[in-house]
Amino acid sequence: MAKGKRAGGAKGTKITLKMAKNALRVTPDGKLRLDLSNVGIATFPKCLLKLRNVEELDLSRNKLKIIPEFIGQLTGLRWLDLHSNQIEQLPESIGLLGSLLYLNLCNNNLDGLSPDVGSLRNLQVLNLGMNRLNALPPTLATLTNLTELGLFDNLFTQMPECLNVLPNLTKLNTKRNPVSYTQRDGKDPDSVKTTGNLFLLREGDLCHPCLERCRRKKLLERSQRKSNFSGLISPNSVARGNQENWRQQTTSSPPSFQKGQARPVGDTNTLSFLNSLNI
C-alpha cells in the first residue's frame, strides 16, 4: 500500500500523483495494480485520473464516504475493491466502468444500490455483504455474466426477484439476513407465512432422524417453489464478526471474495429451518 502524509482532522491522508505512482505494481498475470488500501484516505484521489491505464484499484479499509462521479472516467478498470469504507451510495457514473469484472463493496453503509450497476455487463463477482440493503434494483437482472454474489449480513426479508434470471450465478451467499419464508402445514392447504433467521449446520452435526427430516423438508420446499436458489444451500463464503469488529481489523482483507483466495469445493452445508423442526 502507499505511504502518504496524514492530514489533520477529517481530511485524512492526501494522496499525490507521485505517491500513487510509487504504489503501482504489476501483478503476476501482467495487470497494472494500484494499492492504496488502509492509508486513511477520506477523499477519493482525483490524481488517479492521470493513471487511466490502471486495471486493478484497491481503496479498501479507508474512510471514504463519497465516490465521485469522475470515477466513470477510469474505464480501464477491471478490478475495484472498496470494502471496509463508509460509502453510503454509488454515483450514476459507476455504470460507465464497462470493463469491470470484480467489484467489492463489502462492509460499507449502503442502504440502496444504484440502478446503474446493471450497466456493468461484464461483471463476474459482486460483493455487497455487510451493508444495510433490503432490496436490489431490477436492473441487476442484466448482469448475465455474474457468477458470484455476496448479500450476507444485510436486511433482506426476501430474496430479490432479479436473482431468478441470472443464468450464470453459481455462488450466492445470503447468510445472516432476516429472510422470511413460507412453511406448508400438512393438514391445512393454506400457506402460513413465518419470519425468522436461517440457520446453517453441517450434516455431520445432526442426528439421523433430524437429518432425514431436513432432507424431506428441503425436497418438499423445492417442489413448492418456482425457482431454486442453489446458493442458499451452499454459500461460498463466511463473514466473521459484526461490522464494528470488522472495521477494527484493518490489517487483513475480508474473508469472502478476496482476489486469488481459494474457495471451498463440495461444501456440504445444509440449510435447516431449526425453529420449525422443534429440535
# chains A, B, ... in the order shown; residues from 1 in each chain; ligands from 1
$ residues_around --residues "Pro45 of chain A" --least-positions-apart "2" --cutoff "10 Å" --atoms "only C-alpha atoms" --output "list in words"
Thr13, Lys14, Ile15, Thr16, Leu17, Ala20, Leu36, Ile41, Ala42, Thr43, Cys47, Leu48, Leu49, Leu59, Ile67, Pro68 and Ile71 of chain A
$ write_last_selection --atoms "C-alpha atoms" --output "tab-separated table (two decimals), in the first residue's frame"
chain	number	residue	atom	x	y	z
A	13	THR	CA	-4.42	11.16	4.05
A	14	LYS	CA	-3.84	13.17	0.91
A	15	ILE	CA	-2.59	11.07	-1.99
A	16	THR	CA	-0.45	12.87	-4.55
A	17	LEU	CA	0.28	11.66	-8.06
A	20	ALA	CA	0.16	6.90	-6.40
A	36	LEU	CA	-3.97	2.43	-1.77
A	41	ILE	CA	-7.93	8.21	2.69
A	42	ALA	CA	-11.13	10.20	3.27
A	43	THR	CA	-11.43	11.77	-0.20
A	47	CYS	CA	-4.93	12.38	-9.32
A	48	LEU	CA	-6.00	8.86	-10.34
A	49	LEU	CA	-7.45	10.39	-13.50
A	59	LEU	CA	-9.01	1.54	-1.97
A	67	ILE	CA	-17.39	8.03	-4.55
A	68	PRO	CA	-17.21	10.92	-7.05
A	71	ILE	CA	-14.77	7.52	-11.28
$ residues_around --residues "Gly112 of chain A" --least-positions-apart "5" --cutoff "12 Å" --atoms "only C-alpha atoms" --output "JSON, numbers by chain"
{"A": [87, 88, 89, 90, 91, 105, 117, 128, 131, 132, 133, 134, 135, 136, 137, 154, 155, 156]}
$ write_last_selection --atoms "N, CA, C and O atoms" --output "PDB file, in the first residue's frame"
ATOM      1  N   ILE A  87     -18.957   4.134   2.676  1.00  0.00           N
ATOM      2  CA  ILE A  87     -19.683   4.570   1.483  1.00  0.00           C
ATOM      3  C   ILE A  87     -21.185   4.408   1.679  1.00  0.00           C
ATOM      4  O   ILE A  87     -21.658   3.336   2.073  1.00  0.00           O
ATOM      5  N   GLU A  88     -21.931   5.472   1.395  1.00  0.00           N
ATOM      6  CA  GLU A  88     -23.379   5.458   1.586  1.00  0.00           C
ATOM      7  C   GLU A  88     -24.143   5.279   0.280  1.00  0.00           C
ATOM      8  O   GLU A  88     -25.280   4.805   0.288  1.00  0.00           O
ATOM      9  N   GLN A  89     -23.547   5.659  -0.832  1.00  0.00           N
ATOM     10  CA  GLN A  89     -24.194   5.454  -2.128  1.00  0.00           C
ATOM     11  C   GLN A  89     -23.148   5.499  -3.235  1.00  0.00           C
ATOM     12  O   GLN A  89     -22.038   5.986  -3.036  1.00  0.00           O
ATOM     13  N   LEU A  90     -23.522   4.979  -4.383  1.00  0.00           N
ATOM     14  CA  LEU A  90     -22.649   4.972  -5.552  1.00  0.00           C
ATOM     15  C   LEU A  90     -23.135   6.007  -6.556  1.00  0.00           C
ATOM     16  O   LEU A  90     -24.337   6.228  -6.692  1.00  0.00           O
ATOM     17  N   PRO A  91     -22.224   6.617  -7.301  1.00  0.00           N
ATOM     18  CA  PRO A  91     -22.636   7.588  -8.314  1.00  0.00           C
ATOM     19  C   PRO A  91     -23.218   6.900  -9.540  1.00  0.00           C
ATOM     20  O   PRO A  91     -22.974   5.715  -9.782  1.00  0.00           O
ATOM     21  N   LEU A 105     -17.844  -4.207  -2.518  1.00  0.00           N
ATOM     22  CA  LEU A 105     -18.404  -3.107  -1.733  1.00  0.00           C
ATOM     23  C   LEU A 105     -18.762  -3.574  -0.329  1.00  0.00           C
ATOM     24  O   LEU A 105     -19.538  -2.917   0.372  1.00  0.00           O
ATOM     25  N   VAL A 117     -25.589   0.093 -11.695  1.00  0.00           N
ATOM     26  CA  VAL A 117     -24.744  -1.104 -11.572  1.00  0.00           C
ATOM     27  C   VAL A 117     -25.157  -2.140 -12.610  1.00  0.00           C
ATOM     28  O   VAL A 117     -24.344  -2.949 -13.061  1.00  0.00           O
ATOM     29  N   LEU A 128     -21.679  -7.470  -1.953  1.00  0.00           N
ATOM     30  CA  LEU A 128     -22.468  -6.422  -1.295  1.00  0.00           C
ATOM     31  C   LEU A 128     -22.707  -6.750   0.171  1.00  0.00           C
ATOM     32  O   LEU A 128     -23.551  -6.134   0.825  1.00  0.00           O
ATOM     33  N   ASN A 131     -23.756  -4.608   4.539  1.00  0.00           N
ATOM     34  CA  ASN A 131     -24.275  -3.264   4.320  1.00  0.00           C
ATOM     35  C   ASN A 131     -25.648  -3.157   4.983  1.00  0.00           C
ATOM     36  O   ASN A 131     -25.929  -3.879   5.946  1.00  0.00           O
ATOM     37  N   ARG A 132     -26.506  -2.287   4.487  1.00  0.00           N
ATOM     38  CA  ARG A 132     -27.847  -2.107   5.058  1.00  0.00           C
ATOM     39  C   ARG A 132     -28.913  -2.282   3.974  1.00  0.00           C
ATOM     40  O   ARG A 132     -29.966  -1.656   4.017  1.00  0.00           O
ATOM     41  N   LEU A 133     -28.633  -3.136   3.038  1.00  0.00           N
ATOM     42  CA  LEU A 133     -29.526  -3.315   1.896  1.00  0.00           C
ATOM     43  C   LEU A 133     -30.725  -4.185   2.259  1.00  0.00           C
ATOM     44  O   LEU A 133     -30.590  -5.196   2.953  1.00  0.00           O
ATOM     45  N   ASN A 134     -31.888  -3.801   1.765  1.00  0.00           N
ATOM     46  CA  ASN A 134     -33.073  -4.649   1.907  1.00  0.00           C
ATOM     47  C   ASN A 134     -33.731  -4.935   0.561  1.00  0.00           C
ATOM     48  O   ASN A 134     -34.770  -5.587   0.502  1.00  0.00           O
ATOM     49  N   ALA A 135     -33.116  -4.437  -0.511  1.00  0.00           N
ATOM     50  CA  ALA A 135     -33.635  -4.676  -1.868  1.00  0.00           C
ATOM     51  C   ALA A 135     -32.515  -4.440  -2.865  1.00  0.00           C
ATOM     52  O   ALA A 135     -31.511  -3.785  -2.564  1.00  0.00           O
ATOM     53  N   LEU A 136     -32.685  -4.989  -4.059  1.00  0.00           N
ATOM     54  CA  LEU A 136     -31.762  -4.763  -5.166  1.00  0.00           C
ATOM     55  C   LEU A 136     -32.539  -4.184  -6.340  1.00  0.00           C
ATOM     56  O   LEU A 136     -33.703  -4.530  -6.547  1.00  0.00           O
ATOM     57  N   PRO A 137     -31.917  -3.317  -7.121  1.00  0.00           N
ATOM     58  CA  PRO A 137     -32.624  -2.769  -8.287  1.00  0.00           C
ATOM     59  C   PRO A 137     -32.872  -3.857  -9.332  1.00  0.00           C
ATOM     60  O   PRO A 137     -32.023  -4.738  -9.528  1.00  0.00           O
ATOM     61  N   ASN A 154     -27.063  -8.374   5.621  1.00  0.00           N
ATOM     62  CA  ASN A 154     -27.832  -7.211   5.205  1.00  0.00           C
ATOM     63  C   ASN A 154     -29.203  -7.259   5.880  1.00  0.00           C
ATOM     64  O   ASN A 154     -29.350  -7.878   6.938  1.00  0.00           O
ATOM     65  N   LEU A 155     -30.198  -6.627   5.277  1.00  0.00           N
ATOM     66  CA  LEU A 155     -31.525  -6.531   5.883  1.00  0.00           C
ATOM     67  C   LEU A 155     -32.605  -7.113   4.974  1.00  0.00           C
ATOM     68  O   LEU A 155     -33.764  -6.697   5.040  1.00  0.00           O
ATOM     69  N   PHE A 156     -32.248  -8.074   4.145  1.00  0.00           N
ATOM     70  CA  PHE A 156     -33.212  -8.671   3.228  1.00  0.00           C
ATOM     71  C   PHE A 156     -34.218  -9.524   3.996  1.00  0.00           C
ATOM     72  O   PHE A 156     -33.834 -10.402   4.764  1.00  0.00           O
TER      73      PHE A 156
END
$ closest_residue --among "A:Leu126, A:Leu96, A:Met19, A:Ile66" --to "Asp81 of chain A" --atoms "only C-alpha atoms"
A:Leu126
$ atom_distance --atom1 "atom CA of Lys50 of chain A" --atom2 "atom CA of Leu32 of chain A"
13.8 Å
$ residues_around --residues "Gln73 of chain A" --least-positions-apart "2" --cutoff "9 Å" --atoms "only C-alpha atoms" --output "number ranges by chain"
A: 49, 52, 69-71, 75-76, 93, 96-97
$ select_by_dssp --residues "segment 8-90 of chain A" --states "strand (DSSP E or B)" --output "MDAnalysis selection string"
chainID A and resid 12:14 24:26 32:35 41 56:58 66 79:81 89
$ residues_around --residues "Thr142 of chain A" --least-positions-apart "5" --cutoff "9 Å" --atoms "only C-alpha atoms" --output "list of chain:residue names"
A:Gly118, A:Ser119, A:Leu120, A:Arg121, A:Cys162, A:Val165, A:Leu166
$ closest_atom_pairs --of "segment 84-145 of chain A" --to "segment 60-64 of chain A" --cutoff "8 Å" --atoms "only C-alpha atoms" --output "Markdown table"
| residue | atom | partner | partner_atom | distance |
| --- | --- | --- | --- | --- |
| A:Ser84 | CA | A:Arg61 | CA | 4.6 |
| A:Asn85 | CA | A:Lys63 | CA | 5.1 |
| A:Gln86 | CA | A:Leu64 | CA | 5.5 |
| A:Ile87 | CA | A:Leu64 | CA | 6.0 |
$ write_last_selection --atoms "N, CA and C atoms" --output "PDB file, in the first residue's frame"
ATOM      1  N   SER A  84     -14.845  -2.112   3.316  1.00  0.00           N
ATOM      2  CA  SER A  84     -14.477  -1.536   4.610  1.00  0.00           C
ATOM      3  C   SER A  84     -14.165  -0.054   4.531  1.00  0.00           C
ATOM      4  N   ASN A  85     -15.088   0.698   3.930  1.00  0.00           N
ATOM      5  CA  ASN A  85     -15.077   2.152   3.984  1.00  0.00           C
ATOM      6  C   ASN A  85     -16.366   2.588   4.674  1.00  0.00           C
ATOM      7  N   GLN A  86     -16.848   3.763   4.352  1.00  0.00           N
ATOM      8  CA  GLN A  86     -18.098   4.269   4.928  1.00  0.00           C
ATOM      9  C   GLN A  86     -19.023   4.777   3.823  1.00  0.00           C
ATOM     10  N   ILE A  87     -18.957   4.134   2.676  1.00  0.00           N
ATOM     11  CA  ILE A  87     -19.683   4.570   1.483  1.00  0.00           C
ATOM     12  C   ILE A  87     -21.185   4.408   1.679  1.00  0.00           C
TER      13      ILE A  87
END
$ closest_residue --among "A:Asn108, A:Asn122, A:Thr157, A:Thr144" --to "Leu169 of chain A" --atoms "only C-alpha atoms"
A:Thr144
